[in-house]
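What follows is one structure encoded as structure tokens, with my remarks underneath.
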Amino acid sequence: MADIQRNPKQQLISELHNFAAVGDKIQLTALLKHFPSLINETAKNGWTALMYAARNGHFETVQVLLEKGCDRAVTNKSNQSALDIAKFWGYKNIANLLTNLMEGQEPVNQLTSEAREHENYFCRTFLDRKSEKRIESKWLNLKQKQPTSVYILFSNLRPLAVSNEGDNSSNYPRVRLLKLCYEDVKEYLEQTETTTVIFLGVELGIESQVKGSILPTLNGNDPDEDEDELVAWFVLSIDSSAAEEFIQKHQDCYFVHPPMPALLQFSENEAGIVAQARSVLAWHSRYQFCPTCGSATKLEDGGYKKVCLKEDCSSHVGVHNTCYPRVDPVVIMPVIHPDGNHCLLGRKKRFHPGMYTCLAGFVEPGETIENAVRREVEEESGVKVGQVRYVSCQPWPMPSSLMIGCIAFAVSTEIKVDNIEIEDAQWFSREQVMEFLNKKNQSAFFVPPHQAIAHQLIKHWVGMNASL
Ligand code: ZN
Ligand code: MG
């Protein structure tokens with residue numbers, strides 16, 4: 001009682017956290033009924049009730065807290081959200097619950113949810129690419145004209161978007177794709193000289209509605225395969241003058257530019273679509289002629305293949321990767337000091353002053369991921385790397401890299417920067433790195449934003465041995 005009189009609020013907060021940590025949802029509910037304002041209160045270490053419930057695997061308590069409207073985005077002093085904590089301690093059901101709710105969705109099937117746990121920005125998509133449909137031109141033509149089909153527009157690799165102004169509570173995502181239908185884009189589709197059409201896929205989760213997929217038709221014929229209720233998505237690239245005209249007519253939208261950081265302002269769901277569309281369109285604009293003989297080409301496979309128009313071109317014989325969209329593998333890695341408590345980050349001259357990040361570089365032909373990591377780190381910083389561990393990857397549509405995120409374990413410590421690619425590299429302590437993760441551009445040192453895999457890899461390292 002004496003304690004309560006001395007600091008009643010603090011006492012109540014620690015009681016709430018206690019109920020959350022042991023999963024006592026009845027007591028927790030009762031307490032919040034009387035003191036609803038306590039829900040997002042933090043302990044000295046920045047932990048909320050939600051984090052304590054997540055840390056200890058109390059699924060139902062997490063549910064109760066979410067129903068009561070607690071804030072999932074709060075991070076503790078180690079820059080971890082409740083989701084990070086649930087993932088770290090292996091409570092997949094809780095991680096799924098938090099992940100799905102963050103996107104405003106109902107929890108979906110286990111496989112999809114588990115896959116989501118490791119997603120970086122640009123990784124998520126709600127489309128099934130349906131690559132087997134790319135060769136069915138009849139089906140594609142039909143889909144193009146269906147009123148339910150969705151079109152997104154690009155011009156000069158810039159996606160057409162609208163601002164998310166309605167939502168004042170948070171400023172992310174700041175933009176969303178403008179979705180159009182066949183009627184809106186009909187005129188562009190007719191201008192085949194200047195318009196590029198790519199089939200992106202169909203919306204996931206409506207497979208079961210495909211007509212005739214289960215029941216045979218009355219007359220015993222095969223059901224018409226062209227008729228289904230799949231919602232197809234296409235991206236159209238239009239030329240600059242058409243884009244200009246479009247903007248004049250629809251003043252609430254714009255073609256997002258410059259790509260960085262504008263492309264990081266979409267929701268996670270739309271970012272995956274932007275990545276797919278932009279990389280394929282970039283391939284089209286950069287490889288307009290046959291790379292083998294320089295002749296004109298035509299598009300096939302829903303925009304996923306280019307075929308040389310010269311009859312005797314050697315690209316018609318055998319398999320040629322020049323006919324298909326390219327993906328350029330890049331390794332990216334924080335380098336861990338042999339003491340386990342420091343991490344090597346570097347910076348390029350063109351970076352904002354104060355920004356440090358993971359070293360990175362293109363994988364060369366005939367090279368493994370591990371060797372690319374070792375070579376890049378040694379070239380750029382002089383540090384030798386032993387073990388390399390893969391963590392996660394990220395498509396990076398500038399224009400079509402695949403960032404392969406690894407943790408590199410150093411076997412030497414002396415730094416000698418190359419001064420060509422890297423102007424400075426330093427060993428930073430875990431505490432310093434935690435500070436960088438929390439800070440924005442205005443501070444002396446900072447790392448890239450959360451949408452960049454570099455941020456996630458650094459965060460991953462911070463969480464590897466941190467005492468939670
Ligand atoms: Zn050719
Ligand atoms: Mg390099």
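If you're wondering about the labels, chains in the structure tokens are A, B, ... by order shown, residues count from 1 in each chain, ligands from 1 in order shown.
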
Distance filter 9 Å around ligand 2, atoms: only C-alpha atoms and all ligand atoms, out as JSON, numbers by chain: {"A": [359, 360, 361, 362, 375, 376, 377, 379, 380, 421, 422]}

Glu435 of chain A surroundings by only C-alpha atoms, 12 Å radius, close-in-sequence under 5 positions cut, as an mmCIF file with N, CA and C atoms, in the first residue's frame:
data_model
loop_
_atom_site.group_PDB
_atom_site.id
_atom_site.type_symbol
_atom_site.label_atom_id
_atom_site.label_comp_id
_atom_site.auth_asym_id
_atom_site.auth_seq_id
_atom_site.Cartn_x
_atom_site.Cartn_y
_atom_site.Cartn_z
ATOM 1 N N ASN A 76 11.048 -0.689 -28.230
ATOM 2 C CA ASN A 76 11.710 -0.507 -26.936
ATOM 3 C C ASN A 76 13.082 0.141 -27.129
ATOM 4 N N LYS A 77 13.849 0.218 -26.068
ATOM 5 C CA LYS A 77 15.143 0.909 -26.144
ATOM 6 C C LYS A 77 16.119 0.189 -27.061
ATOM 7 N N SER A 78 15.876 -1.089 -27.341
ATOM 8 C CA SER A 78 16.732 -1.809 -28.294
ATOM 9 C C SER A 78 16.147 -1.753 -29.693
ATOM 10 N N ASN A 79 15.181 -0.864 -29.897
ATOM 11 C CA ASN A 79 14.556 -0.688 -31.205
ATOM 12 C C ASN A 79 13.800 -1.920 -31.686
ATOM 13 N N PHE A 428 31.875 -0.456 -35.292
ATOM 14 C CA PHE A 428 30.981 0.211 -34.349
ATOM 15 C C PHE A 428 30.511 -0.805 -33.307
ATOM 16 N N SER A 429 30.364 -0.344 -32.060
ATOM 17 C CA SER A 429 29.906 -1.257 -31.009
ATOM 18 C C SER A 429 28.405 -1.498 -31.164
ATOM 19 N N ARG A 430 27.933 -2.543 -30.513
ATOM 20 C CA ARG A 430 26.507 -2.860 -30.559
ATOM 21 C C ARG A 430 25.668 -1.670 -30.056
ATOM 22 N N LYS A 440 17.468 9.378 -37.162
ATOM 23 C CA LYS A 440 17.130 9.771 -38.527
ATOM 24 C C LYS A 440 18.259 10.631 -39.099
ATOM 25 N N SER A 443 20.921 13.129 -37.330
ATOM 26 C CA SER A 443 21.952 12.855 -36.336
ATOM 27 C C SER A 443 23.310 12.658 -37.010
ATOM 28 N N ALA A 444 24.338 12.616 -36.194
ATOM 29 C CA ALA A 444 25.702 12.520 -36.715
ATOM 30 C C ALA A 444 25.924 11.222 -37.480
ATOM 31 N N PHE A 445 25.422 10.106 -36.936
ATOM 32 C CA PHE A 445 25.549 8.817 -37.601
ATOM 33 C C PHE A 445 24.169 8.197 -37.734
ATOM 34 N N PHE A 446 23.893 7.613 -38.856
ATOM 35 C CA PHE A 446 22.632 6.886 -38.995
ATOM 36 C C PHE A 446 22.787 5.824 -40.081
ATOM 37 N N VAL A 447 21.832 4.904 -40.117
ATOM 38 C CA VAL A 447 21.854 3.834 -41.118
ATOM 39 C C VAL A 447 20.622 4.011 -42.014
ATOM 40 N N ILE A 458 21.385 -5.209 -40.127
ATOM 41 C CA ILE A 458 22.043 -4.629 -38.957
ATOM 42 C C ILE A 458 21.213 -4.931 -37.713
ATOM 43 N N LYS A 459 19.896 -4.775 -37.876
ATOM 44 C CA LYS A 459 18.978 -5.064 -36.772
ATOM 45 C C LYS A 459 19.059 -6.553 -36.379
ATOM 46 N N VAL A 462 22.086 -7.006 -34.284
ATOM 47 C CA VAL A 462 21.874 -6.455 -32.943
ATOM 48 C C VAL A 462 21.066 -7.452 -32.096
#

Contacts of His284 of chain A at 9 Å (only C-alpha atoms; same-chain gap of 4+ positions) as a PyMOL selection string: chain A and resi 196+279-280+288+303+306+325

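Reported to one decimal place, the separation of atom CA of His460 of chain A from atom CA of Gln432 of chain A is 14.8 Å.
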
Give me the residues within 7 Å of Ile152 of chain A as a ChimeraX atom specification, counting only C-alpha atoms and dropping any in the same chain fewer than 3 places off. /A:178-180,234-236

Considering only C-alpha atoms and all ligand atoms, give me a table of residues in chain A that are at most 9 Å from ligand 1, with the closest atom pair and distance in Å for each, as a Markdown table.
| residue | atom | partner | partner_atom_place_in_ligand_line | distance |
| --- | --- | --- | --- | --- |
| A:Phe289 | CA | ligand 1 | 1 (Zn) | 7.8 |
| A:Cys290 | CA | ligand 1 | 1 (Zn) | 4.6 |
| A:Pro291 | CA | ligand 1 | 1 (Zn) | 6.7 |
| A:Thr292 | CA | ligand 1 | 1 (Zn) | 5.0 |
| A:Cys293 | CA | ligand 1 | 1 (Zn) | 4.1 |
| A:Gly294 | CA | ligand 1 | 1 (Zn) | 5.9 |
| A:Ser295 | CA | ligand 1 | 1 (Zn) | 5.3 |
| A:Ala296 | CA | ligand 1 | 1 (Zn) | 7.5 |
| A:Thr297 | CA | ligand 1 | 1 (Zn) | 7.6 |
| A:Val307 | CA | ligand 1 | 1 (Zn) | 7.8 |
| A:Cys308 | CA | ligand 1 | 1 (Zn) | 4.5 |
| A:Leu309 | CA | ligand 1 | 1 (Zn) | 6.7 |
| A:Lys310 | CA | ligand 1 | 1 (Zn) | 5.6 |
| A:Glu311 | CA | ligand 1 | 1 (Zn) | 8.0 |
| A:Asp312 | CA | ligand 1 | 1 (Zn) | 7.8 |
| A:Cys313 | CA | ligand 1 | 1 (Zn) | 4.5 |
| A:Ser314 | CA | ligand 1 | 1 (Zn) | 6.7 |
| A:Ser315 | CA | ligand 1 | 1 (Zn) | 5.8 |
| A:His316 | CA | ligand 1 | 1 (Zn) | 7.8 |

Name the residues of segment 190-425 of chain A that fall into helix (DSSP H, G or I) according to DSSP on the backbone, using the chain letters and numbers of this document, as JSON, numbers by chain. {"A": [190, 207, 208, 209, 240, 241, 242, 243, 244, 245, 246, 247, 248, 249, 259, 260, 261, 262, 263, 264, 265, 268, 269, 270, 271, 272, 273, 274, 275, 276, 277, 278, 279, 280, 281, 282, 283, 284, 285, 286, 301, 302, 303, 314, 315, 316, 321, 322, 323, 369, 370, 371, 372, 373, 374, 375, 376, 377, 378, 379, 380, 381]}

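In terms of minimum interatomic distance to Phe255 of chain A, A:Pro159 ranks closest within A:Glu183, A:Pro159, A:Thr192, A:His337, counting only C-alpha atoms.
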